[in-house]
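Presented below is the structure to which this report refers.
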2 protein chains.
Amino acid sequence: MLNKKLILNLIGFLLIVEGIFMLIPAIVSIIYHENDLIPFLKSSAITISVGFILWIITRDVKRAVGKREGFIIVTMVWIIYSIFGSLPYILSGSIPSFTNAFFETMSGFTTTGASILNDIEILPHGILFWRSMTHLIGGMGILVLTVAILPFLGVGGMQLFNAEASGVTPDKLHPKMRETARRLWVIYIALVLIETIMLKFGGMDIFDALCHSFATLASGGFSTKNASVAAFSPYIQYVIIFFMIMAGTNFTLHYYLINGKFKKIFKNQEYKFYLLIILISTIIIAFFLIRTNATIEKSFRDALFQVTSIVTCTGFVTADYTSWAKFLWFFLFILMFVGGSVGSTAGGIKVLRHFLLFKNSITEFKRMLHPSAVIPVRYNGSVISNDIIFKVQAFFLTYIVIFITGSLFLTFFGMDFVSSMGAVVTTMGGIGPGLGSVGPVNNFALVPTEGKWILSFMMLIGRLELFSVLILLTPAFWKK
Amino acid sequence: MLNKKLILNLIGFLLIVEGIFMLIPAIVSIIYHENDLIPFLKSSAITISVGFILWIITRDVKRAVGKREGFIIVTMVWIIYSIFGSLPYILSGSIPSFTNAFFETMSGFTTTGASILNDIEILPHGILFWRSMTHLIGGMGILVLTVAILPFLGVGGMQLFNAEASGVTPDKLHPKMRETARRLWVIYIALVLIETIMLKFGGMDIFDALCHSFATLASGGFSTKNASVAAFSPYIQYVIIFFMIMAGTNFTLHYYLINGKFKKIFKNQEYKFYLLIILISTIIIAFFLIRTNATIEKSFRDALFQVTSIVTCTGFVTADYTSWAKFLWFFLFILMFVGGSVGSTAGGIKVLRHFLLFKNSITEFKRMLHPSAVIPVRYNGSVISNDIIFKVQAFFLTYIVIFITGSLFLTFFGMDFVSSMGAVVTTMGGIGPGLGSVGPVNNFALVPTEGKWILSFMMLIGRLELFSVLILLTPAFWKK
């Protein structure tokens with residue numbers, strides 16, 4: 001029996017939390033004396049009321065949470081947060097259409113950063129702050145999700161991370177989920193504050209600094225400027241590069257850093273592979289940009305910024321990469337499938353999965369030559385069971401199939417080949433800008449309505465590691 | 001120790017065979033009194049001489065063939081056959097450039113059907129016959145390869161087919177490899193002859209009928225007309241559709257048909273899935289074509305022909321599908337990843353692999369909900385081991401990675417996004433026409449030289465089920 005009451009009770013509680021969060025941009029409205037105060041108070045009141053009613057009528061719930069309840073809650077929270085989170089946009093008139101407001105909010109909470117806004121700078125500060133806060137809140141949700149919830153639900157080989165985080169191996173971060181979440185959040189908020197100070201130091205005002213820090217550490221990508229990070233100085237761009245890399249790193253490594261366990265960091269194979277991908281891709285792209293760019297520094301910076309922004313699934317922009325050579329943007333298109341590290345706020349397939357499949361394909365050749373020998377894949381010195389590799393393969397394949405299916409649907413609604421593929425890969429990966437008509441100097445405003453809903457779904461499914469959403473669509477899940 | 005002598009001895013023997021094959025188009029030259037007789041005699045003499053020398057100096061070889069020798073021979077045969085097979089084109093001046101001649105020959109022997117020829121109809125009959133014969137010979141090679149050799153080498157889950165064909169299961173076709181090959185060839189040649197008669201009956205002359213039958217049963221796609229099969233009547237188009245479907249069917253089923261085992265055919269899940277894919281895709285495409293086409297029959301025929309041509313990896317053309325709605329050619333692009341049945345002459349990923357992955361993904365959801373239960377994937381009533389699914393997943397992933405890498409390289413040499421992807425998917429899958437600048441009304445003549453070599457490699461690697469070629473590139477293979 002599905003414990004529906006528990007689901008509603010938890011959703012109710014989380015809606016109250018969301019409603020309280022909405023009071024923070026209301027304070028920003030007061031500070032800036034802008035006309036979006038009332039919409040925030042209304043949105044907050046509606047959200048808290050609905051949450052409170054849900055919570056109060058399900059008070060007498062049994063606290064036992066099973067797998068099925070877990071799956072439903074995970075998906076529903078993101079959807080319901082996006083529905084209520086779009087209220088400030090709608091009530092303030094900043095984004096009148098529900099489709100657009102929902103897309104923008106889903107893009108925020110999934111830390112994607114794809115936008116339907118043509119002119120960002122025209123919006124009141126409160127609205128912009130809420131927009132950036134959806135990233136911050138989404139990032140917090142993701143950290144708990146990937147470290148504590150998905151491993152429990154057994155999604156896509158995330159047990160591997162579970163093994164590290166839940167105390168099954170000697171590598172344990174901390175055995176208790178609530179304590180783990182608290183520690184991750186402390187690191188996360190601390191990084192946000194450090195970045196804010198460093199951006200402020202580079203001449204950003206405190207508002208922009210906070211908004212960009214929220215978007216960086218959540219690997220989100222919403223900017224307060226139409227030109228994105230191209231609007232700021234090289235110093236600020238380098239600061240953001242540094243924190244994007246931090247955001248795309250497994251947060252367990254930050255914990256090791258604080259505790260002085262440097263050896264554990266430098267021995268981490270995913271971390272090395274992650275940095276190597278960024279380094280090599282930057283060198284390749286910078287090499288080709290030198291021909292057209294004014295200085296070597298600018299070529300290097302543009303390449304490093306764009307590669308980091310895409311690999312960490314942030315989506316900030318400092319250069320219109322679709323005006324680069326075809327080869328270079330095809331290369332960036334491929335990088336959109338990489339994703340950051342497991343246990344980070346980055347989306348996408350994730351470096352660890354690529355690493356395991358890469359190691360497995362080498363091993364597979366050895367197995368072909370010596371069919372009777374047992375040759376396992378190793379990661380950080382431990383043997384990875386074939387069962388994990390199997391699930392990682394299934395994840396990768398499902399990712400490709402959804403990518404293709406999503407692109408097909410977009411072409412059906414009139415988008416061209418390149419834009420469709422670009423739109424789907426960037427939303428599934430939680431990046432932001434895509435290719436073609438949804439490239440870095442464009443936005444998603446002109447995507448047909450059906451396409452916006454498809455892409456909202458892509459953000460959701462990509463963010464929630466595919467299977468947590470897909471399983472809800474199987475008849476087996478609802479049987480009995 | 002690698003038995004190099006054995007490899008050379010076998011290659012020598014097979015070159016003699018190829019040289020003898022070249023005498024058949026020489027006869028065509030005599031019949032048509034055209035100027036390509038001498039080039040054929042020269043090509044044949046060179047090929048037989050080289051073969052004979054190799055064979056004679058390695059006479060005293062030990063006959064023990066190991067896995068490593070097997071892998072080397074498989075890849076080398078296709079390359080060396082393409083080198084010597086391009087002699088008639090070069091010596092007759094029909095295709096003066098070696099790059100182009102090699103591309104065309106590799107396209108023939110891999111039964112791809114991608115062409116660099118701008119004007120096919122201008123060529124002498126002997127050359128056209130040789131071009132079609134490379135399909136016929138390639139098809140014969142493929143049947144032996146997939147049924148007997150690759151399962152022995154353990155490539156990409158082909159053991160599954162092995163189980164059916166080599167007598168390990170009660171489902172045995174025939175236990176002995178040589179006998180199996182002979183039976184497949186008899187069926188293959190019989191189908192070629194039946195199609196030839198049926199095409200002749202529809203008004204084709206015997207030359208065109210033979211050439212098109214060679215290209216159909218090999219799932220090749222070389223036509224003797226610039227307009228491909230669009231140059232012929234609806235009756236002929238339907239005949240070719242029927243035989244394309246036969247060519248993309250597991251040849252074991254044809255054997256069952258001859259022996260009256262109809263039950264075994266109708267119970268075959270891959271066969272049903274294969275026909276279902278063709279049927280559903282045809283209905284979808286025909287539904288959209290009706291709006292623009294003159295008659296319903298023409299819409300249905302165009303849709304059925306193009307879907308069948310692509311799914312069976314043949315590559316004949318009756319309509320310029322790149323002029324259809326974006327959605328439709330994206331749909332065809334996806335179909336290019338399907339591939340025909342295992343144990344047919346079709347290339348690509350193959351329906352059975354899709355079927356197994358599809359079944360596994362359903363099973364995977366059940367496993368997520370009930371982690372302790374053992375839920376196997378079944379095919380034709382038998383349990384498929386996870387080891388096979390694992391290899392099939394690895395195959396699929398490798399296919400995607402090679403597809404992406406190949407496309408990236410083509411953009412590097414100046415091709416656009418869509419044409420690059422179209423060119424790689426169509427050559428890897430052994431289809432023929434692609435998208436964009438290599439679409440059905442264009443050809444591969446304008447692809448840059450580097451691109452032609454990359455695509456020749458794509459044909460080879462796709463045809464030989466990836467791993468047989470890739471393994472040669474690993475250091476582990478050459479160690480010791």
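Each chain in the structure tokens gets a letter, A, B, ..., in the order shown, and its residues are numbered from 1; ligands are numbered from 1 in order too.
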Any chance you could list, as a ChimeraX atom specification, the residues in range 25-270 of chain A that come up helix (DSSP H, G or I) when DSSP is run on the backbone? /A:25-32,37-57,67-85,87-92,98-109,125-153,159-165,177-201,206-217,228-231,234-247,251-258,262-266,269-270
Distance cut-off 9 Å, counting only C-alpha atoms - which residues of chain A neighbour chain B? Return them as a PyMOL selection string. chain A and resi 67-68+153-155+325-328+330-331+334+357+360-362+364-366+368-369+371+386+389-391+393-394+396-398+400+404-405+407-418+467+470-471+474+476-477
Find the spatial neighbours of range 442-445 of chain B, counting only C-alpha atoms, within a cut-off of 12 Å - ignore same-chain residues fewer than 5 positions away - and output them as a PyMOL selection string. chain B and resi 95+97+99-101+103-104+107+113-120+222+226-228+315+317+320-322+415+419-420+422-424+426-427+432-437+451-453+455-456
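Remark: for Ser94 in chain B, the closest of the candidate residues B:Phe251, B:Trp130, B:Phe214, B:Trp324 is B:Trp130 (distances computed over only C-alpha atoms).
Nearest residue to Ile83 in chain A, choosing from A:Phe109, A:Ile56, A:Ile194, A:Val61 and counting only C-alpha atoms: A:Phe109.
Excluding Ala45 in chain A itself and same-chain residues fewer than 3 positions from it, the residues having an atom within 10 Å of it are Ile16, Gly19, Ile20, Met22, Leu23, Pro39, Phe40, Leu41, Lys42, Ile48, Ser49, Val50 and Gly51 of chain A, counting only C-alpha atoms.
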